[in-house]
Amino acid sequence: MLCYTATEAPCLKRSESRCEDRARKVSVGRRGVGSLSKCRRLCPRKPCAARVERKLQVANPVRDCILGVFALVLAALVYKSTVEAQAPPARPIPPAGPLASPKSMKQVGVPVEATRAAVPADNSQTPGKIALGEKLFFDGRLSVDGTVACSTCHDPALAFTDGKTVSIGIKGRAGQRNAPTILNALYNSAQFWDGRAKTLEEQVALPIVNPSEMGQPSMDAAVARIAAVPEYQQEFQRVFGRPINLGDLVRAIASYERTQFSFDSPFDRFIAGDENAISDSAKRGWELFNTKARCNKCHALSEEKRDPTFFMDKDFHNIGIGIIRHNVVALACQAEREINSGKIFEVDRAAIQSDTSVLGRFLITKKTADIASFKTPGLRNVLITAPYFHDGSQATLWDVMDHYNKGDGIKNPWLDQDMQPLALSEPEIDDVVAFLATLTSAQYEQQGARELARQRALSRTDRPQRDTARAFGPKPVQPKASLSCAEPAAKPK
């Protein structure tokens with residue numbers, strides 16, 4: 001805005017036309033007060049100067065407001081750039097390698113019928129589809145910036161996990177959940193820690209569009225990026241007989257994931273009749289697993305019959321992990337109001353990007369009994385998949401055993417009824433861990449031996465979960481479960 005405009009013309013005599021011409025050239029702009037003083041010099045007549053000054057006094061607050069907003073926007077952009085610049089450099093995408101190859105049905109212990117039954121009728125397995133899915137699984141172009149692939153969080157070298165407390169996505173963004181293994185995921189009745197996806201095909205899509213994971217703005221954008229690659233155009237046409245589309249993209253990746261069934265462990269050879277396949281300590285651990293340690297309450301298809309195959313009950317349980325760190329009732333009420341359980345992408349963002357993640361299965365069912373309940377994971381190759389639990393909060397298998405041994409969750413009203421103190425001695429805990437180590441498949445044998453030694457050494461110096469008094473004490477009385485969500489007060493009209 002000029003310090004002098006045509007509206008001030010009547011206040012100037014013809015003799016002041018030069019002043020008028022010069023004054024028009026002076027803008028408030030960045031000169032601020034300097035412009036005002038210059039206008040006063042250019043237009044010395046008091047009536048004119050007074051009117052010019054009044055105009056400037058009106059203009060300056062508007063200018064200051066505009067400049068203030070601009071400064072805030074600029075500061076926000078600088079902050080965002082700084083945060084992203086300080087984010088850890090993107091980890092190189094793990095390559096495929098021999099451990100990524102489809103697994104053989106000839107492994108000792110493979111449940112052949114269950115493996116075949118896990119293949120849906122509308123997505124049959126073919127060599128071409130599996131190979132295409134494997135290629136996509138390791139391709140960073142599925143992410144918005146090319147830095148994250150499926151294998152980033154599911155690295156074959158780490159038994160298809162990532163070794164982190166919680167997974168890290170694009171631009172160093174941390175989620176809320178520990179990456180579960182892809183190994184034997186085909187046998188799950190639901191996918192993810194909270195079971196929000198029913199099939200592997202559904203599971204494939206969600207990380208691609210989650211802002212904290214692969215960050216694509218939409219599945220259409222992800223498909224378009226893959227469709228722009230001539231090599232993929234040819235492969236999709238050859239495998240599916242049609243151009244690239246969303247349904248075929250997730251079918252291909254899911255087909256590859258269904259080839260990742262992992263058995264052939266020392267325990268499998270023991271069950272097959274080789275008495276020397278596992279140690280005496282591991283044998284005692286297997287016995288404890290099904291009796292005093294009560295592991296079979298969740299890690300078996302049935303409590304009545306020992307399960308040497310799957311080590312999961314395909315159910316969800318609250319085992320007292322992380323719940324007392326949050327105001328769970330407030331979060332549950334927030335979820336009741338704000339999260340539509342019927343919209344899977346909305347639930348996915350709540351599970352990965354906010355504290356409502358602690359609610360677990362409740363995000364999907366909205367049933368009070370499901371508050372902070374999470375899926376029972378299988379135990380095969382568990383030695384390789386540290387850290388443990390849905391939040392990655394436990395560093396070693398000894399920490400896991402200490403958690404269960406004390407029946408953790410004394411302030412947790414929704415704690416699973418099977419949680420109780422176990423009174424396991426230190427040698428008995430060692431035996432259960434020895435048994436769990438025998439569930440390591442042959443391809444991870446050497447890695448498993450190194451990891452067992454690492455965890456054992458750590459357990460000798462650091463046992464943050466150990467509480468002998470509680471482990472050998474009575475089961476504490478749990479607080480009464482209650483969830484009462486008052487309606488938020490109406491805003492005054």
# chains A, B, ... in the order shown; residues from 1 in each chain; ligands from 1
>>> closest_atom_pairs(of="stretch 318-347 of chain A", to="stretch 173-196 of chain A", cutoff="12 Å", atoms="only C-alpha atoms", output="tab-separated table")
residue	atom	partner	partner_atom	distance
A:Asn318	CA	A:Asp194	CA	11.2
A:Gly322	CA	A:Gln176	CA	11.5
A:Ser341	CA	A:Arg196	CA	9.1
A:Gly342	CA	A:Arg196	CA	9.9
A:Lys343	CA	A:Arg196	CA	9.9
A:Ile344	CA	A:Arg196	CA	6.9
A:Phe345	CA	A:Arg196	CA	9.4
A:Glu346	CA	A:Arg196	CA	10.6
A:Val347	CA	A:Arg196	CA	7.5
>>> residues_around(residues="stretch 365-375 of chain A", least_positions_apart="3", cutoff="9 Å", atoms="only C-alpha atoms", output="number ranges by chain")
A: 190-195, 312-323, 328, 332, 335-336, 341, 357-362, 390, 414-416, 481-483
>>> write_last_selection(atoms="N, CA and C atoms", output="mmCIF file, in the first residue's frame")
data_model
loop_
_atom_site.group_PDB
_atom_site.id
_atom_site.type_symbol
_atom_site.label_atom_id
_atom_site.label_comp_id
_atom_site.auth_asym_id
_atom_site.auth_seq_id
_atom_site.Cartn_x
_atom_site.Cartn_y
_atom_site.Cartn_z
ATOM 1 N N ALA A 190 -6.140 -64.011 11.914
ATOM 2 C CA ALA A 190 -6.221 -62.569 11.676
ATOM 3 C C ALA A 190 -4.803 -62.020 11.711
ATOM 4 N N GLN A 191 -4.588 -60.889 11.034
ATOM 5 C CA GLN A 191 -3.245 -60.326 10.922
ATOM 6 C C GLN A 191 -3.100 -59.064 11.780
ATOM 7 N N PHE A 192 -1.865 -58.716 12.068
ATOM 8 C CA PHE A 192 -1.473 -57.619 12.956
ATOM 9 C C PHE A 192 -1.723 -58.009 14.411
ATOM 10 N N TRP A 193 -1.123 -57.257 15.321
ATOM 11 C CA TRP A 193 -1.235 -57.549 16.744
ATOM 12 C C TRP A 193 -2.673 -57.470 17.244
ATOM 13 N N ASP A 194 -3.489 -56.629 16.609
ATOM 14 C CA ASP A 194 -4.876 -56.484 17.061
ATOM 15 C C ASP A 194 -5.876 -57.183 16.149
ATOM 16 N N GLY A 195 -5.386 -57.882 15.128
ATOM 17 C CA GLY A 195 -6.261 -58.629 14.238
ATOM 18 C C GLY A 195 -7.125 -57.762 13.344
ATOM 19 N N MET A 312 0.044 -71.323 19.285
ATOM 20 C CA MET A 312 -0.835 -70.157 19.439
ATOM 21 C C MET A 312 -2.270 -70.646 19.499
ATOM 22 N N ASP A 313 -3.125 -69.838 20.134
ATOM 23 C CA ASP A 313 -4.531 -70.220 20.262
ATOM 24 C C ASP A 313 -5.446 -69.431 19.335
ATOM 25 N N LYS A 314 -4.857 -68.574 18.495
ATOM 26 C CA LYS A 314 -5.603 -67.742 17.548
ATOM 27 C C LYS A 314 -6.621 -66.860 18.277
ATOM 28 N N ASP A 315 -6.200 -66.355 19.430
ATOM 29 C CA ASP A 315 -7.070 -65.516 20.243
ATOM 30 C C ASP A 315 -6.291 -64.295 20.716
ATOM 31 N N PHE A 316 -6.954 -63.442 21.514
ATOM 32 C CA PHE A 316 -6.372 -62.188 21.981
ATOM 33 C C PHE A 316 -6.451 -62.147 23.505
ATOM 34 N N HIS A 317 -5.382 -61.617 24.134
ATOM 35 C CA HIS A 317 -5.312 -61.611 25.591
ATOM 36 C C HIS A 317 -4.674 -60.320 26.092
ATOM 37 N N ASN A 318 -5.137 -59.899 27.261
ATOM 38 C CA ASN A 318 -4.504 -58.795 27.982
ATOM 39 C C ASN A 318 -3.550 -59.422 28.988
ATOM 40 N N ILE A 319 -2.252 -59.255 28.760
ATOM 41 C CA ILE A 319 -1.259 -59.872 29.634
ATOM 42 C C ILE A 319 -0.524 -58.834 30.482
ATOM 43 N N GLY A 320 -1.071 -57.621 30.539
ATOM 44 C CA GLY A 320 -0.512 -56.623 31.444
ATOM 45 C C GLY A 320 0.661 -55.843 30.910
ATOM 46 N N ILE A 321 0.806 -55.792 29.582
ATOM 47 C CA ILE A 321 1.933 -55.066 29.000
ATOM 48 C C ILE A 321 1.542 -53.623 28.681
ATOM 49 N N GLY A 322 2.237 -52.674 29.298
ATOM 50 C CA GLY A 322 2.106 -51.266 28.930
ATOM 51 C C GLY A 322 0.865 -50.553 29.403
ATOM 52 N N ILE A 323 -0.059 -51.245 29.996
ATOM 53 C CA ILE A 323 -1.358 -50.625 30.260
ATOM 54 C C ILE A 323 -1.282 -49.546 31.338
ATOM 55 N N VAL A 328 -5.971 -45.576 30.257
ATOM 56 C CA VAL A 328 -6.661 -46.446 29.311
ATOM 57 C C VAL A 328 -8.144 -46.106 29.195
ATOM 58 N N ALA A 332 -9.940 -45.232 25.794
ATOM 59 C CA ALA A 332 -11.052 -46.044 25.296
ATOM 60 C C ALA A 332 -12.260 -45.164 24.976
ATOM 61 N N ALA A 335 -11.564 -43.390 21.787
ATOM 62 C CA ALA A 335 -11.739 -44.291 20.647
ATOM 63 C C ALA A 335 -13.215 -44.522 20.347
ATOM 64 N N GLU A 336 -14.024 -44.621 21.389
ATOM 65 C CA GLU A 336 -15.467 -44.788 21.201
ATOM 66 C C GLU A 336 -16.036 -43.635 20.382
ATOM 67 N N SER A 341 -14.741 -48.273 13.856
ATOM 68 C CA SER A 341 -14.120 -49.598 13.743
ATOM 69 C C SER A 341 -14.380 -50.264 12.403
ATOM 70 N N SER A 357 -3.147 -46.843 20.428
ATOM 71 C CA SER A 357 -2.560 -48.144 20.086
ATOM 72 C C SER A 357 -2.608 -49.111 21.246
ATOM 73 N N VAL A 358 -2.495 -48.598 22.487
ATOM 74 C CA VAL A 358 -2.465 -49.452 23.674
ATOM 75 C C VAL A 358 -3.776 -50.210 23.872
ATOM 76 N N LEU A 359 -4.836 -49.769 23.210
ATOM 77 C CA LEU A 359 -6.146 -50.411 23.378
ATOM 78 C C LEU A 359 -6.237 -51.756 22.670
ATOM 79 N N GLY A 360 -5.339 -52.017 21.725
ATOM 80 C CA GLY A 360 -5.299 -53.313 21.076
ATOM 81 C C GLY A 360 -6.594 -53.706 20.390
ATOM 82 N N ARG A 361 -7.082 -54.884 20.707
ATOM 83 C CA ARG A 361 -8.253 -55.454 20.036
ATOM 84 C C ARG A 361 -9.504 -54.589 20.202
ATOM 85 N N PHE A 362 -9.562 -53.796 21.262
ATOM 86 C CA PHE A 362 -10.708 -52.930 21.511
ATOM 87 C C PHE A 362 -10.947 -51.964 20.348
ATOM 88 N N HIS A 390 3.984 -56.784 21.932
ATOM 89 C CA HIS A 390 3.480 -55.889 20.885
ATOM 90 C C HIS A 390 4.159 -54.527 20.888
ATOM 91 N N TRP A 414 -8.456 -55.357 33.428
ATOM 92 C CA TRP A 414 -8.832 -56.202 32.288
ATOM 93 C C TRP A 414 -7.823 -57.335 32.056
ATOM 94 N N LEU A 415 -6.974 -57.586 33.038
ATOM 95 C CA LEU A 415 -5.964 -58.626 32.914
ATOM 96 C C LEU A 415 -6.606 -59.984 32.655
ATOM 97 N N ASP A 416 -5.988 -60.758 31.768
ATOM 98 C CA ASP A 416 -6.509 -62.083 31.451
ATOM 99 C C ASP A 416 -6.569 -62.941 32.706
ATOM 100 N N ALA A 481 -13.232 -53.979 36.880
ATOM 101 C CA ALA A 481 -13.247 -53.361 35.551
ATOM 102 C C ALA A 481 -14.448 -52.452 35.411
ATOM 103 N N SER A 482 -14.204 -51.257 34.888
ATOM 104 C CA SER A 482 -15.293 -50.311 34.680
ATOM 105 C C SER A 482 -14.928 -49.368 33.554
ATOM 106 N N LEU A 483 -15.864 -49.160 32.663
ATOM 107 C CA LEU A 483 -15.658 -48.207 31.580
ATOM 108 C C LEU A 483 -16.929 -47.388 31.425
#
>>> residues_around(residues="stretch 116-131 of chain A", least_positions_apart="3", cutoff="8 Å", atoms="only C-alpha atoms", output="ChimeraX atom specification")
/A:112-113,134-135,186-187,239,251-253,255-256,258-259
>>> write_last_selection(atoms="C-alpha atoms", output="CSV table (one decimal), in the first residue's frame")
chain,number,residue,atom,x,y,z
A,112,VAL,CA,1.0,-80.1,5.1
A,113,GLU,CA,-2.8,-80.0,5.1
A,134,GLU,CA,8.9,-61.5,-3.8
A,135,LYS,CA,10.1,-58.8,-6.1
A,186,LEU,CA,-0.3,-67.8,6.8
A,187,TYR,CA,-1.7,-69.9,9.7
A,239,VAL,CA,1.2,-63.5,-14.5
A,251,ARG,CA,-2.5,-60.9,-4.3
A,252,ALA,CA,1.1,-61.2,-5.5
A,253,ILE,CA,2.7,-60.1,-2.3
A,255,SER,CA,1.2,-65.2,-2.3
A,256,TYR,CA,4.9,-64.7,-1.6
A,258,ARG,CA,2.3,-67.7,2.1
A,259,THR,CA,5.6,-69.4,1.1
>>> atom_distance(atom1="atom CA of A:Phe435", atom2="atom CA of A:Gly407")
20.6 Å
>>> residues_around(residues="A:Pro427", least_positions_apart="5", cutoff="10 Å", atoms="only C-alpha atoms", output="VMD selection string")
chain A and resid 281 285 432 to 433
>>> write_last_selection(atoms="N, CA and C atoms", output="compact mmCIF listing (two decimals), in the first residue's frame")
# COMPACT_ATOMS: atom_id res chain seq x y z
N SER A 281 17.67 -80.16 29.39
CA SER A 281 17.09 -78.91 29.90
C SER A 281 15.88 -78.50 29.06
N GLY A 285 11.97 -78.10 29.94
CA GLY A 285 11.26 -76.88 29.59
C GLY A 285 9.96 -77.15 28.86
N VAL A 432 12.78 -73.42 30.49
CA VAL A 432 11.77 -72.98 29.52
C VAL A 432 12.44 -72.22 28.38
N VAL A 433 13.41 -71.37 28.70
CA VAL A 433 14.13 -70.65 27.64
C VAL A 433 14.89 -71.63 26.75
>>> closest_residue(among="A:Leu288, A:Cys485, A:Leu331, A:Ala442", to="A:Glu428", atoms="only C-alpha atoms")
A:Leu288
>>> select_by_dssp(residues="stretch 329-448 of chain A", states="strand (DSSP E or B)", output="MDAnalysis selection string")
chainID A and resid 360 373:375 388 394
>>> select_by_dssp(residues="stretch 184-345 of chain A", states="helix (DSSP H, G or I)", output="JSON, numbers by chain")
{"A": [185, 186, 187, 200, 201, 202, 203, 204, 205, 206, 207, 208, 209, 219, 220, 221, 222, 223, 224, 225, 226, 227, 230, 231, 232, 233, 234, 235, 236, 237, 238, 239, 240, 246, 247, 248, 249, 250, 251, 252, 253, 254, 255, 256, 257, 266, 267, 268, 269, 270, 271, 280, 281, 282, 283, 284, 285, 286, 287, 288, 289, 295, 296, 297, 323, 324, 325, 328, 329, 330, 331, 332, 333, 334, 335, 336, 337, 338, 344, 345]}
>>> atom_distance(atom1="atom CA of A:Gly172", atom2="atom CA of A:Pro387")
19.1 Å
>>> residues_around(residues="A:Ala272", least_positions_apart="3", cutoff="9 Å", atoms="only C-alpha atoms", output="count of residues only")
6
>>> closest_atom_pairs(of="stretch 127-204 of chain A", to="stretch 444-447 of chain A", cutoff="10 Å", atoms="only C-alpha atoms", output="Markdown table")
| residue | atom | partner | partner_atom | distance |
| --- | --- | --- | --- | --- |
| A:Ala157 | CA | A:Tyr444 | CA | 8.5 |
| A:Leu158 | CA | A:Tyr444 | CA | 8.8 |
| A:Ala159 | CA | A:Tyr444 | CA | 7.9 |
>>> write_last_selection(atoms="N, CA and C atoms", output="tab-separated table (two decimals), in the first residue's frame")
chain	number	residue	atom	x	y	z
A	157	ALA	N	16.78	-61.80	7.22
A	157	ALA	CA	17.95	-62.08	8.06
A	157	ALA	C	17.62	-62.04	9.55
A	158	LEU	N	16.49	-61.42	9.90
A	158	LEU	CA	16.04	-61.34	11.30
A	158	LEU	C	14.73	-62.09	11.47
A	159	ALA	N	14.59	-63.20	10.76
A	159	ALA	CA	13.36	-64.00	10.80
A	159	ALA	C	12.15	-63.15	10.43
>>> closest_residue(among="A:Arg463, A:Leu246, A:Ala437, A:Ala330", to="A:Gln394", atoms="only C-alpha atoms")
A:Arg463
>>> residues_around(residues="A:Arg460", least_positions_apart="3", cutoff="12 Å", atoms="only C-alpha atoms", output="PyMOL selection string")
chain A and resi 396+398-399+426+430+453-457+463-464+466
>>> atom_distance(atom1="atom CA of A:Cys150", atom2="atom CA of A:Phe138")
6.1 Å
>>> closest_residue(among="A:Phe160, A:Leu132, A:Ala114, A:Thr199", to="A:Gln234", atoms="only C-alpha atoms")
A:Leu132
